[in-house]
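Peer 1: Before we start, here is the structure in question, set down as structure tokens.
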Amino acid sequence: MATETAPPHTPPLPRPMRADARRNYERLLAEARTAFTQHGTDASLEDIARRAGVGIGTLYRHFPNRTALMGAVFQGEMNALLTRSRELAKAPQACTALVDWLRAIVHHASTYRGLAQALMACSGDESSELSRGCRLPLREAGSELLARAQQTGAVRPDVVIADLMQLTNAIALAVEQSPDDPGAGGPAARPDLHRTQGAL
């Protein structure tokens with residue numbers, strides 16, 4: 001007699017937000033984006049909540065910690081960067097595409113003061129919201145561009161995407177700390193992989 005197997009467990013779908021909760025969520029994101037742009041990613045969460053017209057408890061109900069809020073704020077930029085990576089994956093020059101991608105990462109990471117340092121800090125914690133929502137998707141997209149460049153012989157086969165991502169964050173951090181230095185974010189400071197295989 002055949003034994004019956006239990007049907008696979010399907011987790012319940014998340015409940016949609018009520019209209020007022022959705023409004024609070026959107027206001028918090030808008031105020032956080034403004035605060036992070038003006039004051040850096042260590043901006044006061046209490047001030048963000050106050051400017052959004054809610055209590056700090058409401059902020060924490062939507063975003064349990066600072067990195068969760070940062071991940072939500074940067075989601076739009078992440079989507080744009082991932083879209084750009086898919087476009088560059090079709091570019092005729094694989095090494096140029098990789099360099100353009102890394103430059104886009106530097107530009108993004110230096111937009112918000114403290115973001116580059118936060119991305120570097122979460123490199124060893126793949127469970128954090130910032131790592132899951134930002135660093136890991138970017139690393140996966142960059143891995144594909146790197147592999148394509150390596151297949152052409154333009155980049156050494158022992159170069160790994162983790163090192164390149166750390167390099168871009170370090171450059172972004174240098175740009176952030178020298179905002180008045182016109183050379184800090186110039187071509188000399190950006191990842192330059194336009195070399196022969198022997199150079200990388």
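Chain identifiers are assigned as A, B, and so on, following the order in which chains appear in the structure tokens; residues are numbered from 1 within each chain, and ligands are numbered from 1 in order of appearance.
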Report as an MDAnalysis selection string all protein, DNA and RNA residues lying within 8 Å of Leu45 of chain A, evaluated on only C-alpha atoms, omitting residues in the same chain fewer than 4 positions from it.

Peer 2: chainID A and resid 49 56 66

Peer 1: For those residues, write all heavy atoms to a file as an mmCIF file, in the first residue's frame.

Peer 2:
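Output contents, as saved in part_39.cif:
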data_model
loop_
_atom_site.group_PDB
_atom_site.id
_atom_site.type_symbol
_atom_site.label_atom_id
_atom_site.label_comp_id
_atom_site.auth_asym_id
_atom_site.auth_seq_id
_atom_site.Cartn_x
_atom_site.Cartn_y
_atom_site.Cartn_z
ATOM 1 N N ALA A 49 12.480 59.886 11.310
ATOM 2 C CA ALA A 49 11.104 59.568 11.715
ATOM 3 C C ALA A 49 10.313 60.845 11.969
ATOM 4 O O ALA A 49 9.157 60.978 11.542
ATOM 5 C CB ALA A 49 11.107 58.674 12.950
ATOM 6 N N ILE A 56 9.503 56.902 16.214
ATOM 7 C CA ILE A 56 10.628 56.020 15.918
ATOM 8 C C ILE A 56 10.186 54.556 15.900
ATOM 9 O O ILE A 56 10.743 53.736 15.156
ATOM 10 C CB ILE A 56 11.767 56.230 16.930
ATOM 11 C CG1 ILE A 56 13.033 55.481 16.516
ATOM 12 C CG2 ILE A 56 11.319 55.835 18.329
ATOM 13 C CD1 ILE A 56 13.633 55.960 15.223
ATOM 14 N N ARG A 66 19.249 50.040 10.846
ATOM 15 C CA ARG A 66 19.728 51.036 9.891
ATOM 16 C C ARG A 66 20.050 50.426 8.527
ATOM 17 O O ARG A 66 19.759 51.010 7.477
ATOM 18 C CB ARG A 66 20.967 51.743 10.458
ATOM 19 C CG ARG A 66 21.506 52.861 9.552
ATOM 20 C CD ARG A 66 22.731 53.520 10.187
ATOM 21 N NE ARG A 66 22.402 54.181 11.430
ATOM 22 C CZ ARG A 66 21.968 55.442 11.515
ATOM 23 N NH1 ARG A 66 21.819 56.164 10.417
ATOM 24 N NH2 ARG A 66 21.696 55.970 12.680
#

Peer 1: From a DSSP calculation on the backbone, collect every residue of segment 59-194 of chain A in helix (DSSP H, G or I) and output the set as a PyMOL selection string.

Peer 2: chain A and resi 59-62+66-73+75-88+94-109+115-124+129-151+161-177+187-189

Peer 1: From the options A:Arg135, A:Arg113, A:Lys90, A:Arg22, which residue's atoms come nearest to Thr41 of chain A, counting only C-alpha atoms?

Peer 2: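 The closest residue to Thr41 of chain A is A:Arg113.
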